[in-house]
Amino acid sequence: DDAYDEECDYLFKAVLIGDSGVGKSNLLSRFAKDEFRLDSKPTIGVEFAYRNIKVRDKLIKAQIWDTAGQERFRAITSSYYRGAMGALLVYDITRRSSYENLRKWLLELRDFGGQDMVVILVGNKSDLDQSREVEKEEGKGFAEKEGFCFMETSALKNMNVEEVFLQMITKVYDITR
Ligand code: GDP
Ligand code: MG
């Protein structure tokens, strides 16, 4: 709330990008509210969530934007990216096409994203290892080539979710100070 805002040292905007169905909204709800949804309803209404997080003794208010389902229609616009200092670029380790489409997302990032935006590549649904279509090494390799950090996560099992957001926010903090 507002009273809390005044005690914040920094406000950072970050965005979630990646194909529809990869788990962006669940990663965010897990991070912001510790909630997970089993149904696959696309995001309705909520466009962003806040969480206050402590990084190197500073209180950061992270404002994380989620696509309200526009990625289905390739209708994400520049205003979504405006002012964003970080991005989680998400694919689904059980859906090869979501990994192949990373190239498309990179083009968009180049068009709309800021010059020194912190990007973390996220392979989500690591709990579904038996249906894996993208090896961990491939994700790692892609990230290395692009100069991104990389992590596999599970929004369902709450694995690496806190870590991946914290890593992004810490990196943003470190380059902006
Ligand atoms: P979005 O379209 O990228 O926002 O994806 P959603 O968050 O709506 O998730 C799409 C579907 O994948 C939903 O049915 C979720 O329950 C499911 N899902 C999301 N994250 C995970 C995960 O880590 N593991 C598993 N098994 N399912 C997930
Ligand atoms: Mg969504």
# chains A, B, ... in the order shown; residues from 1 in each chain; ligands from 1
>>> residues_near_ligand(ligand="ligand 1", cutoff="9 Å", atoms="only C-alpha atoms and all ligand atoms", output="number ranges by chain")
A: 16-29, 36-43, 66-69, 71-72, 90-92, 124-128, 153-159
>>> closest_atom_pairs(of="range 138-177 of chain A", to="range 94-116 of chain A", cutoff="12 Å", atoms="only C-alpha atoms", output="CSV")
residue,atom,partner,partner_atom,distance
A:Glu138,CA,A:Tyr99,CA,9.3
A:Gly139,CA,A:Tyr99,CA,8.2
A:Lys140,CA,A:Tyr99,CA,11.8
A:Phe142,CA,A:Leu102,CA,9.3
A:Ala143,CA,A:Leu102,CA,10.4
A:Glu146,CA,A:Leu106,CA,9.3
A:Gly147,CA,A:Asp116,CA,11.3
A:Phe148,CA,A:Leu106,CA,11.4
A:Glu152,CA,A:Thr94,CA,11.8
A:Ser154,CA,A:Thr94,CA,11.9
A:Lys171,CA,A:Asp116,CA,10.9
A:Val172,CA,A:Asp116,CA,9.3
A:Asp174,CA,A:Asp116,CA,11.9
A:Ile175,CA,A:Asp116,CA,8.6
A:Thr176,CA,A:Asp116,CA,9.7
>>> write_last_selection(atoms="C-alpha atoms", output="PDB file, in the first residue's frame")
ATOM      1  CA  GLU A 138      20.017 -26.589 -24.828  1.00  0.00           C
ATOM      2  CA  GLY A 139      18.482 -23.912 -22.650  1.00  0.00           C
ATOM      3  CA  LYS A 140      21.828 -23.238 -21.067  1.00  0.00           C
ATOM      4  CA  PHE A 142      20.918 -20.640 -25.859  1.00  0.00           C
ATOM      5  CA  ALA A 143      21.256 -18.380 -22.830  1.00  0.00           C
ATOM      6  CA  GLU A 146      22.742 -14.452 -25.877  1.00  0.00           C
ATOM      7  CA  GLY A 147      24.463 -13.449 -22.655  1.00  0.00           C
ATOM      8  CA  PHE A 148      21.464 -14.265 -20.463  1.00  0.00           C
ATOM      9  CA  GLU A 152      14.776 -24.165 -14.951  1.00  0.00           C
ATOM     10  CA  SER A 154       8.526 -25.267 -11.653  1.00  0.00           C
ATOM     11  CA  LYS A 171      21.012  -7.996 -11.384  1.00  0.00           C
ATOM     12  CA  VAL A 172      18.850  -4.981 -12.167  1.00  0.00           C
ATOM     13  CA  ASP A 174      23.487  -4.058  -9.466  1.00  0.00           C
ATOM     14  CA  ILE A 175      23.544  -2.450 -12.908  1.00  0.00           C
ATOM     15  CA  THR A 176      21.449   0.569 -11.956  1.00  0.00           C
TER      16      THR A 176
END
>>> select_by_dssp(residues="range 1-169 of chain A", states="strand (DSSP E)", output="number ranges by chain")
A: 10-17, 48-55, 58-65, 86-92, 118-124, 149-153
>>> atom_distance(atom1="CA of Ser78 in chain A", atom2="CA of Lys54 in chain A")
29.1 Å
>>> select_by_dssp(residues="chain A", states="helix (DSSP H, G or I)", output="PyMOL selection string")
chain A and resi 2-5+24-33+70-73+78-81+96-100+102-112+126-131+136-146+161-176
>>> atom_distance(atom1="CA of Lys145 in chain A", atom2="CA of Val119 in chain A")
12.5 Å
>>> residues_around(residues="range 8-10 of chain A", least_positions_apart="5", cutoff="9 Å", atoms="only C-alpha atoms", output="compact mmCIF listing (two decimals) with C-alpha atoms, in the first residue's frame")
# COMPACT_ATOMS: atom_id res chain seq x y z
CA ASN A 52 8.50 -5.92 -2.02
CA LYS A 58 17.63 -2.33 0.17
CA LEU A 59 13.89 -2.65 -0.11
CA ILE A 60 12.90 -3.00 -3.73
CA LYS A 61 9.35 -2.77 -4.94
CA ALA A 62 9.19 -5.06 -7.95
CA TYR A 173 19.79 -3.46 -8.85
>>> decode(residues="range 70-149 of chain A", atoms="C-alpha atoms", output="mmCIF file, in the first residue's frame")
data_model
loop_
_atom_site.group_PDB
_atom_site.id
_atom_site.type_symbol
_atom_site.label_atom_id
_atom_site.label_comp_id
_atom_site.auth_asym_id
_atom_site.auth_seq_id
_atom_site.Cartn_x
_atom_site.Cartn_y
_atom_site.Cartn_z
ATOM 1 C CA GLN A 70 -2.185 -10.784 -25.693
ATOM 2 C CA GLU A 71 0.720 -13.040 -26.620
ATOM 3 C CA ARG A 72 -1.826 -15.383 -28.195
ATOM 4 C CA PHE A 73 -2.585 -12.734 -30.768
ATOM 5 C CA ARG A 74 0.944 -11.421 -31.052
ATOM 6 C CA ALA A 75 -0.475 -8.167 -29.778
ATOM 7 C CA ILE A 76 2.132 -7.196 -27.224
ATOM 8 C CA THR A 77 3.004 -3.602 -27.813
ATOM 9 C CA SER A 78 5.836 -1.286 -26.950
ATOM 10 C CA SER A 79 3.960 0.093 -23.933
ATOM 11 C CA TYR A 80 4.251 -3.324 -22.297
ATOM 12 C CA TYR A 81 8.036 -3.063 -22.420
ATOM 13 C CA ARG A 82 8.274 0.657 -21.674
ATOM 14 C CA GLY A 83 10.493 1.334 -18.680
ATOM 15 C CA ALA A 84 11.122 -2.344 -18.003
ATOM 16 C CA MET A 85 14.561 -3.036 -16.603
ATOM 17 C CA GLY A 86 14.246 -6.790 -16.491
ATOM 18 C CA ALA A 87 12.547 -9.609 -18.350
ATOM 19 C CA LEU A 88 11.910 -13.262 -17.732
ATOM 20 C CA LEU A 89 11.856 -14.952 -21.138
ATOM 21 C CA VAL A 90 9.948 -18.173 -20.510
ATOM 22 C CA TYR A 91 9.576 -21.416 -22.477
ATOM 23 C CA ASP A 92 8.044 -24.760 -21.535
ATOM 24 C CA ILE A 93 10.550 -27.640 -21.347
ATOM 25 C CA THR A 94 7.779 -30.028 -22.494
ATOM 26 C CA ARG A 95 6.891 -28.010 -25.598
ATOM 27 C CA ARG A 96 9.648 -27.755 -28.185
ATOM 28 C CA SER A 97 7.837 -25.061 -30.168
ATOM 29 C CA SER A 98 7.949 -22.704 -27.185
ATOM 30 C CA TYR A 99 11.744 -23.069 -27.219
ATOM 31 C CA GLU A 100 11.967 -22.572 -30.963
ATOM 32 C CA ASN A 101 9.860 -19.425 -30.699
ATOM 33 C CA LEU A 102 12.475 -17.839 -28.432
ATOM 34 C CA ARG A 103 13.976 -16.361 -31.600
ATOM 35 C CA LYS A 104 10.733 -14.523 -32.262
ATOM 36 C CA TRP A 105 10.744 -13.185 -28.706
ATOM 37 C CA LEU A 106 14.327 -12.030 -29.092
ATOM 38 C CA LEU A 107 13.380 -9.956 -32.118
ATOM 39 C CA GLU A 108 10.623 -8.326 -30.132
ATOM 40 C CA LEU A 109 12.969 -7.700 -27.221
ATOM 41 C CA ARG A 110 15.387 -6.013 -29.574
ATOM 42 C CA ASP A 111 12.635 -3.816 -30.990
ATOM 43 C CA PHE A 112 10.952 -2.811 -27.769
ATOM 44 C CA GLY A 113 13.259 -3.627 -24.881
ATOM 45 C CA GLY A 114 15.768 -1.230 -23.379
ATOM 46 C CA GLN A 115 19.448 -1.429 -24.248
ATOM 47 C CA ASP A 116 20.691 -2.878 -20.990
ATOM 48 C CA MET A 117 17.661 -4.805 -19.947
ATOM 49 C CA VAL A 118 18.440 -7.798 -17.739
ATOM 50 C CA VAL A 119 17.081 -10.950 -19.363
ATOM 51 C CA ILE A 120 16.818 -14.306 -17.649
ATOM 52 C CA LEU A 121 15.930 -17.337 -19.758
ATOM 53 C CA VAL A 122 13.525 -19.603 -17.892
ATOM 54 C CA GLY A 123 12.718 -23.223 -18.775
ATOM 55 C CA ASN A 124 9.492 -23.795 -16.837
ATOM 56 C CA LYS A 125 7.634 -27.018 -15.885
ATOM 57 C CA SER A 126 10.771 -28.800 -14.687
ATOM 58 C CA ASP A 127 8.471 -31.067 -12.660
ATOM 59 C CA LEU A 128 7.419 -32.722 -15.952
ATOM 60 C CA ASP A 129 10.824 -34.228 -16.649
ATOM 61 C CA GLN A 130 9.234 -37.384 -18.120
ATOM 62 C CA SER A 131 7.677 -35.293 -20.930
ATOM 63 C CA ARG A 132 10.737 -33.179 -21.535
ATOM 64 C CA GLU A 133 11.305 -32.031 -25.146
ATOM 65 C CA VAL A 134 14.098 -29.542 -24.476
ATOM 66 C CA GLU A 135 17.267 -30.634 -22.722
ATOM 67 C CA LYS A 136 18.611 -28.464 -19.969
ATOM 68 C CA GLU A 137 21.874 -28.103 -21.883
ATOM 69 C CA GLU A 138 20.017 -26.589 -24.828
ATOM 70 C CA GLY A 139 18.482 -23.912 -22.650
ATOM 71 C CA LYS A 140 21.828 -23.238 -21.067
ATOM 72 C CA GLY A 141 23.507 -23.029 -24.462
ATOM 73 C CA PHE A 142 20.918 -20.640 -25.859
ATOM 74 C CA ALA A 143 21.256 -18.380 -22.830
ATOM 75 C CA GLU A 144 25.052 -18.391 -22.966
ATOM 76 C CA LYS A 145 25.011 -17.388 -26.618
ATOM 77 C CA GLU A 146 22.742 -14.452 -25.877
ATOM 78 C CA GLY A 147 24.463 -13.449 -22.655
ATOM 79 C CA PHE A 148 21.464 -14.265 -20.463
ATOM 80 C CA CYS A 149 21.300 -16.105 -17.186
#
